[in-house]
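Q: Quick one, run17.cif (mmCIF, C-alpha atoms and all ligand atoms):
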data_query
loop_
_atom_site.label_atom_id
_atom_site.label_comp_id
_atom_site.auth_asym_id
_atom_site.auth_seq_id
_atom_site.Cartn_x
_atom_site.Cartn_y
_atom_site.Cartn_z
CA MET J 1 0.00 0.00 0.00
CA GLU J 2 1.21 3.49 -0.84
CA ARG J 3 -0.10 6.97 -0.11
CA LEU J 4 -2.28 8.26 -2.92
CA ASP J 5 -0.48 11.61 -3.16
CA LYS J 6 2.82 9.74 -3.64
CA ILE J 7 1.31 7.53 -6.34
CA ILE J 8 -0.14 10.50 -8.22
CA SER J 9 2.97 12.66 -7.89
CA THR J 10 5.18 9.81 -9.17
CA ALA J 11 2.87 8.75 -11.99
CA LYS J 12 2.35 12.32 -13.23
CA ASN J 13 5.87 13.50 -12.41
CA ILE J 14 4.53 16.42 -10.33
CA SER J 15 5.20 17.57 -6.77
CA ARG J 16 3.47 15.96 -3.78
CA ALA J 17 1.79 19.34 -3.07
CA ASP J 18 0.36 19.50 -6.61
CA ALA J 19 -0.82 15.89 -6.29
CA ARG J 20 -2.58 16.69 -2.99
CA SER J 21 -4.29 19.67 -4.61
CA LEU J 22 -5.63 17.46 -7.46
CA ILE J 23 -6.91 14.93 -4.91
CA LYS J 24 -8.63 17.59 -2.76
CA ARG J 25 -10.40 18.96 -5.83
CA GLY J 26 -11.91 15.55 -6.63
CA ARG J 27 -9.96 15.11 -9.86
CA VAL J 28 -8.47 11.75 -8.87
CA PHE J 29 -10.34 8.45 -9.10
CA VAL J 30 -9.27 5.15 -7.58
CA ASN J 31 -11.05 2.12 -9.04
CA SER J 32 -13.55 4.51 -10.69
CA ARG J 33 -14.45 6.30 -7.41
CA ALA J 34 -13.41 9.84 -6.60
CA VAL J 35 -11.10 10.05 -3.59
CA THR J 36 -10.60 13.42 -1.89
CA ASP J 37 -8.91 12.23 1.28
CA ILE J 38 -5.23 13.11 0.94
CA GLY J 39 -4.27 10.51 3.55
CA PHE J 40 -5.84 7.73 1.45
CA LYS J 41 -3.68 4.67 0.80
CA ALA J 42 -4.07 2.53 -2.29
CA ASP J 43 -2.60 -0.66 -3.64
CA GLU J 44 -0.26 0.64 -6.30
CA LYS J 45 -0.01 -2.80 -7.93
CA SER J 46 -3.66 -3.72 -8.34
CA ASP J 47 -5.76 -0.52 -8.05
CA SER J 48 -6.50 1.61 -11.10
CA PHE J 49 -5.92 5.37 -11.10
CA LEU J 50 -7.50 8.11 -13.18
CA CYS J 51 -6.78 11.82 -13.13
CA ASP J 52 -8.98 14.10 -15.22
CA GLY J 53 -10.11 10.99 -17.05
CA GLU J 54 -6.57 9.92 -17.98
CA GLU J 55 -5.35 6.52 -16.77
CA LEU J 56 -2.15 6.74 -14.74
CA PHE J 57 0.52 4.10 -14.38
CA TYR J 58 2.60 3.99 -11.24
CA ASN J 59 6.15 2.76 -11.39
CA LYS J 60 7.94 3.05 -8.12
CA TYR J 61 11.30 3.35 -9.85
CA ILE J 62 12.48 4.41 -13.26
CA TYR J 63 15.23 2.75 -15.34
CA ILE J 64 16.70 4.71 -18.23
CA MET J 65 19.13 3.55 -20.92
CA MET J 66 21.29 6.43 -22.15
CA ASN J 67 23.79 6.44 -24.98
CA LYS J 68 26.35 8.60 -23.20
CA PRO J 69 28.21 11.04 -25.44
CA LYS J 70 31.82 12.08 -24.84
CA GLY J 71 32.47 15.07 -22.62
CA VAL J 72 29.81 14.53 -19.95
CA ILE J 73 30.48 12.99 -16.58
CA SER J 74 28.73 10.00 -15.03
CA ALA J 75 27.42 11.64 -11.87
CA SER J 76 24.25 13.30 -10.64
CA ASN J 77 26.05 16.48 -9.60
CA GLY J 78 28.83 17.69 -11.86
CA LYS J 79 29.80 20.77 -9.78
CA GLY J 80 29.68 22.94 -12.90
CA GLU J 81 30.35 20.17 -15.42
CA LYS J 82 27.57 18.65 -17.51
CA THR J 83 26.37 15.25 -16.25
CA VAL J 84 24.44 12.36 -17.78
CA VAL J 85 21.54 13.25 -15.45
CA ASP J 86 21.46 16.79 -16.96
CA LEU J 87 20.80 15.14 -20.34
CA VAL J 88 17.71 13.22 -19.15
CA PRO J 89 14.65 14.80 -20.82
CA GLN J 90 12.07 16.53 -18.65
CA GLU J 91 9.43 13.81 -19.02
CA PHE J 92 11.77 11.18 -17.50
CA ARG J 93 13.06 13.41 -14.70
CA ARG J 94 12.65 12.33 -11.10
CA LYS J 95 14.23 13.25 -7.82
CA ASN J 96 17.25 11.11 -6.87
CA LEU J 97 18.25 9.98 -10.36
CA PHE J 98 21.83 8.77 -10.59
CA PRO J 99 23.95 6.70 -12.98
CA ALA J 100 24.38 3.08 -11.87
CA GLY J 101 28.10 2.85 -12.49
CA ARG J 102 30.60 5.32 -13.84
CA LEU J 103 32.04 5.69 -17.29
CA ASP J 104 35.03 7.97 -17.83
CA LYS J 105 34.29 11.39 -19.30
CA ASP J 106 35.66 10.31 -22.70
CA THR J 107 33.92 6.89 -22.69
CA THR J 108 30.68 6.57 -24.65
CA GLY J 109 27.78 4.14 -24.67
CA PHE J 110 25.32 2.44 -22.34
CA VAL J 111 24.73 4.15 -19.01
CA LEU J 112 21.87 3.02 -16.82
CA ILE J 113 20.25 5.89 -14.93
CA THR J 114 17.82 5.07 -12.16
CA ASP J 115 16.45 6.09 -8.77
CA ASP J 116 16.51 2.49 -7.50
CA GLY J 117 19.52 2.21 -5.18
CA ASP J 118 19.06 -1.50 -4.43
CA PHE J 119 18.99 -2.41 -8.11
CA ALA J 120 22.10 -0.31 -8.80
CA HIS J 121 23.90 -2.03 -5.95
CA LYS J 122 22.90 -5.43 -7.31
CA ILE J 123 24.24 -4.86 -10.80
CA LEU J 124 27.42 -3.10 -9.65
CA SER J 125 28.51 -5.52 -6.96
CA PRO J 126 31.28 -7.83 -8.22
CA LYS J 127 29.57 -10.57 -6.18
CA SER J 128 26.52 -10.48 -8.43
CA HIS J 129 28.73 -11.11 -11.50
CA VAL J 130 26.75 -8.85 -13.86
CA PRO J 131 29.12 -8.54 -16.86
CA LYS J 132 29.71 -5.27 -18.70
CA THR J 133 30.95 -5.36 -22.29
CA TYR J 134 32.95 -2.68 -24.09
CA ILE J 135 34.54 -2.08 -27.46
CA ALA J 136 38.04 -0.69 -27.02
CA THR J 137 39.83 0.89 -29.99
CA LEU J 138 43.58 0.52 -29.49
CA ASP J 139 46.66 2.23 -30.89
CA LYS J 140 48.16 -1.17 -31.85
CA PRO J 141 46.81 -4.70 -32.31
CA PHE J 142 46.69 -6.99 -29.28
CA ASP J 143 47.91 -10.61 -29.37
CA ASP J 144 47.12 -13.95 -27.70
CA GLU J 145 49.30 -13.14 -24.69
CA VAL J 146 46.95 -10.26 -23.84
CA VAL J 147 43.89 -12.49 -24.28
CA GLU J 148 45.37 -15.17 -21.99
CA SER J 149 46.43 -12.62 -19.37
CA PHE J 150 42.95 -11.05 -19.34
CA GLU J 151 41.53 -14.55 -18.88
CA LYS J 152 43.77 -15.22 -15.88
CA GLY J 153 43.15 -11.81 -14.30
CA VAL J 154 45.42 -8.81 -14.81
CA GLU J 155 47.29 -7.49 -11.78
CA LEU J 156 46.92 -3.71 -11.37
CA LYS J 157 48.99 -2.14 -8.59
CA ASP J 158 47.70 -4.04 -5.54
CA ASP J 159 44.52 -5.28 -7.19
CA LEU J 160 44.10 -8.52 -9.07
CA CYS J 161 41.28 -8.09 -11.60
CA MET J 162 38.72 -10.83 -12.00
CA PRO J 163 39.08 -12.85 -15.22
CA ALA J 164 38.00 -10.86 -18.28
CA LYS J 165 37.08 -11.99 -21.78
CA LEU J 166 38.77 -10.40 -24.79
CA CYS J 167 38.26 -11.04 -28.48
CA THR J 168 38.66 -9.11 -31.70
CA LEU J 169 35.85 -7.22 -33.35
CA ASP J 170 35.35 -8.65 -36.86
CA GLY J 171 38.89 -10.01 -36.82
CA ASP J 172 40.46 -6.55 -36.33
CA ALA J 173 42.92 -6.86 -33.39
CA THR J 174 43.06 -3.07 -32.90
CA LYS J 175 39.45 -3.35 -31.73
CA GLY J 176 38.89 -5.48 -28.64
CA VAL J 177 35.53 -6.62 -27.31
CA VAL J 178 36.15 -6.82 -23.57
CA THR J 179 33.84 -8.17 -20.86
CA ILE J 180 34.56 -7.39 -17.22
CA ARG J 181 32.62 -8.00 -14.01
CA GLN J 182 34.00 -5.17 -11.89
CA GLY J 183 34.12 -1.42 -12.18
CA MET J 184 37.57 -0.43 -10.96
CA TYR J 185 38.85 3.04 -11.74
CA HIS J 186 39.94 3.26 -15.44
CA GLN J 187 39.96 -0.54 -15.35
CA ILE J 188 40.01 -1.34 -19.05
CA LYS J 189 42.48 1.42 -19.94
CA ARG J 190 44.80 0.22 -17.16
CA MET J 191 44.45 -3.45 -18.15
CA PHE J 192 45.54 -2.71 -21.75
CA SER J 193 48.22 -0.31 -20.61
CA LYS J 194 49.94 -3.19 -18.74
CA PHE J 195 50.72 -4.56 -22.22
CA GLY J 196 51.83 -1.24 -23.71
CA LEU J 197 48.50 -0.67 -25.46
CA GLN J 198 46.66 2.63 -25.36
CA VAL J 199 42.87 2.80 -25.49
CA LEU J 200 41.95 5.52 -27.99
CA GLU J 201 38.18 5.06 -27.83
CA LEU J 202 36.01 3.14 -25.37
CA GLU J 203 32.34 2.37 -25.75
CA ARG J 204 30.14 0.30 -23.42
CA ILE J 205 27.82 -1.82 -25.52
CA LYS J 206 26.18 -4.14 -22.99
CA ILE J 207 25.22 -4.43 -19.31
CA GLY J 208 24.33 -7.97 -18.25
CA GLY J 209 22.40 -9.46 -21.16
CA LEU J 210 21.09 -6.13 -22.47
CA GLY J 211 22.77 -4.47 -25.44
CA LEU J 212 22.86 -0.74 -26.14
CA ASP J 213 19.97 0.24 -28.40
CA ARG J 214 21.77 1.36 -31.56
CA SER J 215 18.83 3.56 -32.57
CA LEU J 216 19.72 5.93 -29.71
CA ALA J 217 21.89 8.80 -30.93
CA ALA J 218 24.60 10.11 -28.59
CA GLY J 219 22.90 11.77 -25.61
CA GLU J 220 19.51 10.15 -26.24
CA CYS J 221 17.74 7.85 -23.83
CA LYS J 222 14.76 5.57 -23.43
CA ILE J 223 12.82 3.98 -20.57
CA LEU J 224 13.51 0.29 -20.01
CA SER J 225 10.69 -2.21 -19.67
CA GLU J 226 10.45 -4.76 -16.84
CA LYS J 227 11.57 -7.44 -19.28
CA GLU J 228 14.67 -5.44 -20.25
CA ILE J 229 15.51 -4.92 -16.57
CA LYS J 230 15.41 -8.69 -16.06
CA ILE J 231 17.66 -9.14 -19.10
CA ILE J 232 20.22 -6.82 -17.44
CA GLU J 233 20.28 -9.19 -14.48
CA ASN J 234 20.48 -12.16 -16.87
CA LYS J 235 17.21 -13.43 -15.43
CA LEU J 236 15.59 -14.03 -18.82
N1 LIG C 301 37.16 1.10 -18.01
C1 LIG C 301 37.75 2.28 -18.28
O1 LIG C 301 38.96 2.37 -18.36
N2 LIG C 301 36.96 3.36 -18.45
C2 LIG C 301 35.61 3.30 -18.42
O2 LIG C 301 34.95 4.33 -18.60
C3 LIG C 301 35.01 2.06 -18.13
C4 LIG C 301 35.81 0.96 -17.94
#
Go ahead and express the file in the form of structure tokens.
Ligand code: URA

A:
Amino acid sequence: MERLDKIISTAKNISRADARSLIKRGRVFVNSRAVTDIGFKADEKSDSFLCDGEELFYNKYIYIMMNKPKGVISASNGKGEKTVVDLVPQEFRRKNLFPAGRLDKDTTGFVLITDDGDFAHKILSPKSHVPKTYIATLDKPFDDEVVESFEKGVELKDDLCMPAKLCTLDGDATKGVVTIRQGMYHQIKRMFSKFGLQVLELERIKIGGLGLDRSLAAGECKILSEKEIKIIENKL
């Protein structure tokens, strides 16, 4: 059960005060009956909600796929710098949105933006083994030694990385498709740099089982369905 003003404010993306005002004026219907009591609680999963005749759908949390462009930072507050959250269009905006996992400022591709802290924790924790896949464009081709070392786990300073998968993209060894299960600082750039290879471009193309939607231009985003969220967790 959830308070009606919370359900209406979330579903319509308006403030709680505005939602209460709609309720008091008799403009909100629950299961076809007008409800004017602002303390009313409803079952957000099974009750139906209408406001001014329009059916409302309540989703407690929002999950957004963004194709991150270069030059913006993966944070909710950029302290003067543009962030991925700044790029979220008005209709998807909510309080407490944040990127689940950081990409470097010059990395592009799939960023998941949400207000669901538990879900973010689940997909970021190395224990949950949610893989993240990237295409790295390198200054020189990599060889089998690099592939084998990635498979064993590359040692970075004091950290031993978990085993990572590396293969060529369309047989071009200056383009590596890399899958990792952690999110250490500059991890992929540092892993290649151990072998004298510089990452010129880095793009994240997949989180868990869900690939970046190639119809999204840089900076664009879309809402993910429940099915797509399960695919991220590899539950489908
Ligand atoms: N590894 C990196 O080096 N940078 C990223 O942005 C993500 C993974």

Q: My list of candidates is J:Asp106, J:Asp170, J:Glu228, J:Glu2. Which is closest to Ser46 of chain J when distances are computed with only C-alpha atoms?

A: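 Going through J:Asp106, J:Asp170, J:Glu228, J:Glu2 one by one, the smallest distance to Ser46 of chain J is for J:Glu2.
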
Q: Report as JSON, numbers by chain which protein, DNA and RNA residues come within 9 Å of ligand LIG 301 (chain C), using all atoms listed in the file.

A: {"J": [101, 102, 103, 104, 105, 106, 107, 108, 132, 134, 180, 182, 183, 184, 185, 186, 187, 188, 189, 190, 191, 192, 199, 202, 203, 204]}

Q: Given all atoms listed in the file as the basis, pick out the residue of J:Gly109, J:Pro163, J:Gly80, J:Gly196 nearest to Pro131 of chain J.

A: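 Closest candidate: J:Pro163.
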
Q: Report, in Å with one decimal, the straight-line distance from atom CA of Ile223 of chain J to atom CA of Arg181 of chain J.

A: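 Interatomic distance, atom CA of Ile223 of chain J to atom CA of Arg181 of chain J: 24.1 Å.
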
Q: May I have the residues within 12 Å of segment 86-100 of chain J as number ranges by chain, using all atoms listed in the file and disregarding those fewer than 6 positions away in the same chain?

A: J: 9-16, 59-69, 71-80, 110-125, 183, 207, 218-224

Q: Please list as a VMD selection string every residue within 7 Å of segment 18-21 of chain J, counting all atoms listed in the file and excluding residues in the same chain fewer than 5 positions away.

A: chain J and resid 5 8 to 9 38

Q: I'd like the interatomic distance between atom CA of Ile231 of chain J and atom CA of Ile7 of chain J, to a tenth of an Å.

A: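 Going from atom CA of Ile231 of chain J over to atom CA of Ile7 of chain J, I get 26.6 Å.
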
Q: Pick from J:Phe195, J:Phe142, J:Phe57, J:Phe29: nearest to Thr174 of chain J, with all atoms listed in the file counted?

A: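 So, comparing all the options, the nearest one is J:Phe142.
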
Q: What does the structure give for the distance between atom CA of Gly211 of chain J and atom CA of Gly153 of chain J, in Å to one decimal?

A: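 A separation of 24.4 Å between them.
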
Q: Here is a test: counting only C-alpha atoms, which residue of J:Lys227, J:Lys45, J:Arg3, J:Lys175 is nearest to Gln198 of chain J?

A: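 The closest residue to Gln198 of chain J is J:Lys175.
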
Q: Near Glu151 of chain J, within 12 Å and counting all atoms listed in the file, which residues show up once chain neighbours fewer than 2 positions away are dropped, as a list in words?

A: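 The contact residues come out as Asp144, Glu145, Val146, Val147, Glu148, Ser149, Gly153, Val154, Glu155, Leu160, Cys161, Met162, Pro163, Ala164, Lys165, Leu166, Cys167, Val178, Thr179, Ile180 and Met191 of chain J.
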
Q: Determine the nearest neighbour of Arg33 of chain J from the options J:Ala17, J:Leu50, J:Leu169, J:Val130, counting only C-alpha atoms.

A: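 Among J:Ala17, J:Leu50, J:Leu169, J:Val130, it is J:Leu50 that comes nearest to Arg33 of chain J.
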
Q: Counting all atoms listed in the file, figure out which residue out of J:Arg25, J:Glu201, J:Cys51, J:Met1 gets nearest to Lys70 of chain J.

A: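 Comparing J:Arg25, J:Glu201, J:Cys51, J:Met1 against Lys70 of chain J, the winner is J:Glu201.
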